[in-house]
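Here's the structure we're looking at; comments come further down.
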Amino acid sequence: MQPLIDHARSFRRQSAERPEEFARLAQGQSPQVLFITCSDSRVVPALITGARPGELFELRTAGNIVPPYACQPPTGEAATIEYAVEVLGVADIVVCGHSHCGAVGALVRGDDLTAVPAVRDWLAHAAPRPEGPVEDPAVGGAVQNHVLTQLLRLRSYPCVERRLEQGTLRTHGWYYEVHTGSVLAHDARADLFRAL
């Protein structure tokens, strides 16, 4: 924890050297992108995209899962999506999965999750378990399928559906390779993930 505390202290001093940048952030936010990704500590949206403060509105969940809109009571994830789309007016939504995902890996392997019931119940919103054995330790194909499942679920949110129909919102499926730093994007016409 101490290195994080030390950095926070030095960050405060560094930010004092750029007062106009931070004063602008205090006026409000107008991000163009809602970036939905996994809570995994190896996935850092600003590092991957080069985004500056105020450019990404982030939603991080275990396994980058988008829960069904109709969940009762409404979820924090649904509220975040609705706020980004309706209030902030983001133009793009990225759902970004990643290699070596523990959540998708647990599903693929059929891990016993009885000791972590909240995790088990949350993963019920993931993509269906693939048929047959998966030999890839990065679970790449399963994660990519999972990203597409979450995009479909996202499109069922009324605010997202309406903005897509209006042509004022775009959705994107990304796959980040932790071990290489590569980012692949889903090409809907070819139904393939291709390098950006």
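Here's how to read the names in the structure tokens: chain A, B, ... by the order shown, residue numbers from 1 in each chain, ligand numbers from 1 in the order shown.
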
- Message: Among chain A, which ones does DSSP assign to strand (DSSP E) (computed from the backbone)? Answer as a ChimeraX atom specification.
- Response: /A:33-38,56-61,92-98,170-176,183-187,192-195

- Message: Give me, as a ChimeraX atom specification, all polymer residues having an atom no more than 10 Å from Ala70 (chain A), counting only C-alpha atoms and skipping those fewer than 6 positions away in the same chain.
- Response: /A:78,156-157

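Residues within 9 Å of region 30-36 of chain A, counting only C-alpha atoms and excluding same-chain residues fewer than 5 positions away, are A:Pro45, A:Gly54, A:Glu55, A:Leu56, A:Phe57, A:Glu58, A:Leu59, A:Arg60, A:Thr61, A:Asn64, A:Ile65, A:Val66, A:Ile81, A:Ala84, A:Val85, A:Leu88, A:Gly89, A:Val90, A:Ala91, A:Asp92, A:Ile93, A:Val94, A:Val95, A:Cys96, A:Gly97.
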
Grab the residues selected above and save them as a PDB file, in the first residue's frame with N, CA and C atoms.
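Done, and the output landed in result.pdb:
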```pdb
ATOM      1  N   PRO A  45      -7.892   0.785 -18.484  1.00  0.00           N
ATOM      2  CA  PRO A  45      -8.436   1.444 -19.674  1.00  0.00           C
ATOM      3  C   PRO A  45      -7.652   2.666 -20.147  1.00  0.00           C
ATOM      4  N   GLY A  54     -11.230  12.591 -17.763  1.00  0.00           N
ATOM      5  CA  GLY A  54     -12.422  13.176 -18.361  1.00  0.00           C
ATOM      6  C   GLY A  54     -12.798  12.610 -19.717  1.00  0.00           C
ATOM      7  N   GLU A  55     -11.968  11.745 -20.294  1.00  0.00           N
ATOM      8  CA  GLU A  55     -12.250  11.225 -21.642  1.00  0.00           C
ATOM      9  C   GLU A  55     -12.994   9.899 -21.653  1.00  0.00           C
ATOM     10  N   LEU A  56     -12.873   9.104 -20.590  1.00  0.00           N
ATOM     11  CA  LEU A  56     -13.566   7.814 -20.502  1.00  0.00           C
ATOM     12  C   LEU A  56     -14.479   7.796 -19.284  1.00  0.00           C
ATOM     13  N   PHE A  57     -15.684   7.287 -19.467  1.00  0.00           N
ATOM     14  CA  PHE A  57     -16.560   6.986 -18.344  1.00  0.00           C
ATOM     15  C   PHE A  57     -16.467   5.483 -18.196  1.00  0.00           C
ATOM     16  N   GLU A  58     -15.978   4.995 -17.066  1.00  0.00           N
ATOM     17  CA  GLU A  58     -15.658   3.581 -16.923  1.00  0.00           C
ATOM     18  C   GLU A  58     -16.683   2.832 -16.087  1.00  0.00           C
ATOM     19  N   LEU A  59     -16.936   1.611 -16.523  1.00  0.00           N
ATOM     20  CA  LEU A  59     -17.733   0.656 -15.755  1.00  0.00           C
ATOM     21  C   LEU A  59     -16.918  -0.617 -15.685  1.00  0.00           C
ATOM     22  N   ARG A  60     -16.508  -0.977 -14.472  1.00  0.00           N
ATOM     23  CA  ARG A  60     -15.691  -2.177 -14.294  1.00  0.00           C
ATOM     24  C   ARG A  60     -16.476  -3.170 -13.461  1.00  0.00           C
ATOM     25  N   THR A  61     -16.626  -4.362 -13.993  1.00  0.00           N
ATOM     26  CA  THR A  61     -17.324  -5.421 -13.290  1.00  0.00           C
ATOM     27  C   THR A  61     -16.522  -6.707 -13.407  1.00  0.00           C
ATOM     28  N   ASN A  64     -16.359  -8.203 -16.921  1.00  0.00           N
ATOM     29  CA  ASN A  64     -16.997  -7.203 -17.806  1.00  0.00           C
ATOM     30  C   ASN A  64     -18.433  -7.595 -18.164  1.00  0.00           C
ATOM     31  N   ILE A  65     -19.168  -8.033 -17.156  1.00  0.00           N
ATOM     32  CA  ILE A  65     -20.544  -8.485 -17.364  1.00  0.00           C
ATOM     33  C   ILE A  65     -21.496  -7.305 -17.352  1.00  0.00           C
ATOM     34  N   VAL A  66     -22.399  -7.295 -18.322  1.00  0.00           N
ATOM     35  CA  VAL A  66     -23.516  -6.353 -18.381  1.00  0.00           C
ATOM     36  C   VAL A  66     -24.741  -7.147 -17.935  1.00  0.00           C
ATOM     37  N   ILE A  81     -24.722   2.668 -16.958  1.00  0.00           N
ATOM     38  CA  ILE A  81     -24.959   2.670 -18.401  1.00  0.00           C
ATOM     39  C   ILE A  81     -25.985   3.733 -18.765  1.00  0.00           C
ATOM     40  N   ALA A  84     -24.512   7.244 -18.443  1.00  0.00           N
ATOM     41  CA  ALA A  84     -23.571   7.544 -19.533  1.00  0.00           C
ATOM     42  C   ALA A  84     -24.305   7.874 -20.823  1.00  0.00           C
ATOM     43  N   VAL A  85     -25.358   7.114 -21.116  1.00  0.00           N
ATOM     44  CA  VAL A  85     -26.079   7.277 -22.380  1.00  0.00           C
ATOM     45  C   VAL A  85     -27.034   8.462 -22.332  1.00  0.00           C
ATOM     46  N   LEU A  88     -24.808  11.895 -19.879  1.00  0.00           N
ATOM     47  CA  LEU A  88     -23.539  12.330 -20.460  1.00  0.00           C
ATOM     48  C   LEU A  88     -23.558  12.323 -21.990  1.00  0.00           C
ATOM     49  N   GLY A  89     -24.441  11.546 -22.580  1.00  0.00           N
ATOM     50  CA  GLY A  89     -24.562  11.511 -24.036  1.00  0.00           C
ATOM     51  C   GLY A  89     -23.349  10.944 -24.753  1.00  0.00           C
ATOM     52  N   VAL A  90     -22.751   9.896 -24.183  1.00  0.00           N
ATOM     53  CA  VAL A  90     -21.590   9.299 -24.850  1.00  0.00           C
ATOM     54  C   VAL A  90     -21.958   8.881 -26.269  1.00  0.00           C
ATOM     55  N   ALA A  91     -20.983   8.956 -27.156  1.00  0.00           N
ATOM     56  CA  ALA A  91     -21.209   8.594 -28.556  1.00  0.00           C
ATOM     57  C   ALA A  91     -20.847   7.143 -28.842  1.00  0.00           C
ATOM     58  N   ASP A  92     -20.028   6.553 -27.969  1.00  0.00           N
ATOM     59  CA  ASP A  92     -19.552   5.187 -28.190  1.00  0.00           C
ATOM     60  C   ASP A  92     -19.532   4.426 -26.873  1.00  0.00           C
ATOM     61  N   ILE A  93     -19.790   3.123 -26.971  1.00  0.00           N
ATOM     62  CA  ILE A  93     -19.647   2.222 -25.828  1.00  0.00           C
ATOM     63  C   ILE A  93     -18.744   1.077 -26.271  1.00  0.00           C
ATOM     64  N   VAL A  94     -17.703   0.837 -25.494  1.00  0.00           N
ATOM     65  CA  VAL A  94     -16.786  -0.282 -25.734  1.00  0.00           C
ATOM     66  C   VAL A  94     -16.996  -1.306 -24.632  1.00  0.00           C
ATOM     67  N   VAL A  95     -17.190  -2.568 -25.027  1.00  0.00           N
ATOM     68  CA  VAL A  95     -17.141  -3.681 -24.079  1.00  0.00           C
ATOM     69  C   VAL A  95     -15.831  -4.383 -24.359  1.00  0.00           C
ATOM     70  N   CYS A  96     -14.940  -4.362 -23.373  1.00  0.00           N
ATOM     71  CA  CYS A  96     -13.586  -4.879 -23.566  1.00  0.00           C
ATOM     72  C   CYS A  96     -13.322  -6.058 -22.640  1.00  0.00           C
ATOM     73  N   GLY A  97     -13.190  -7.239 -23.227  1.00  0.00           N
ATOM     74  CA  GLY A  97     -12.776  -8.425 -22.485  1.00  0.00           C
ATOM     75  C   GLY A  97     -11.265  -8.561 -22.572  1.00  0.00           C
TER      76      GLY A  97
END
```

- Message: Can you pull out every residue from region 31-139 of chain A that DSSP, working from the backbone, puts in alpha helix (DSSP H), and format the result as a ChimeraX atom specification?
- Response: /A:45-49,76-82,102-109,117-122

- Please indicate the distance in Å from CA of Glu86 (chain A) to CA of Leu169 (chain A), rounded to one decimal place. 11.0 Å

- Item | Proximity to Val143 (chain A) - best of A:Leu196, A:Val119, A:Leu25, A:Leu184, only C-alpha atoms |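 Under the stated criterion, the closest residue is A:Leu184.
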
- Please identify all polymer residues within 9 Å of Ala127 (chain A), counting only C-alpha atoms, omitting same-chain residues fewer than 2 positions from it, and present them as a PyMOL selection string. chain A and resi 65+104+107+123-125+129-130+142-143+145-150
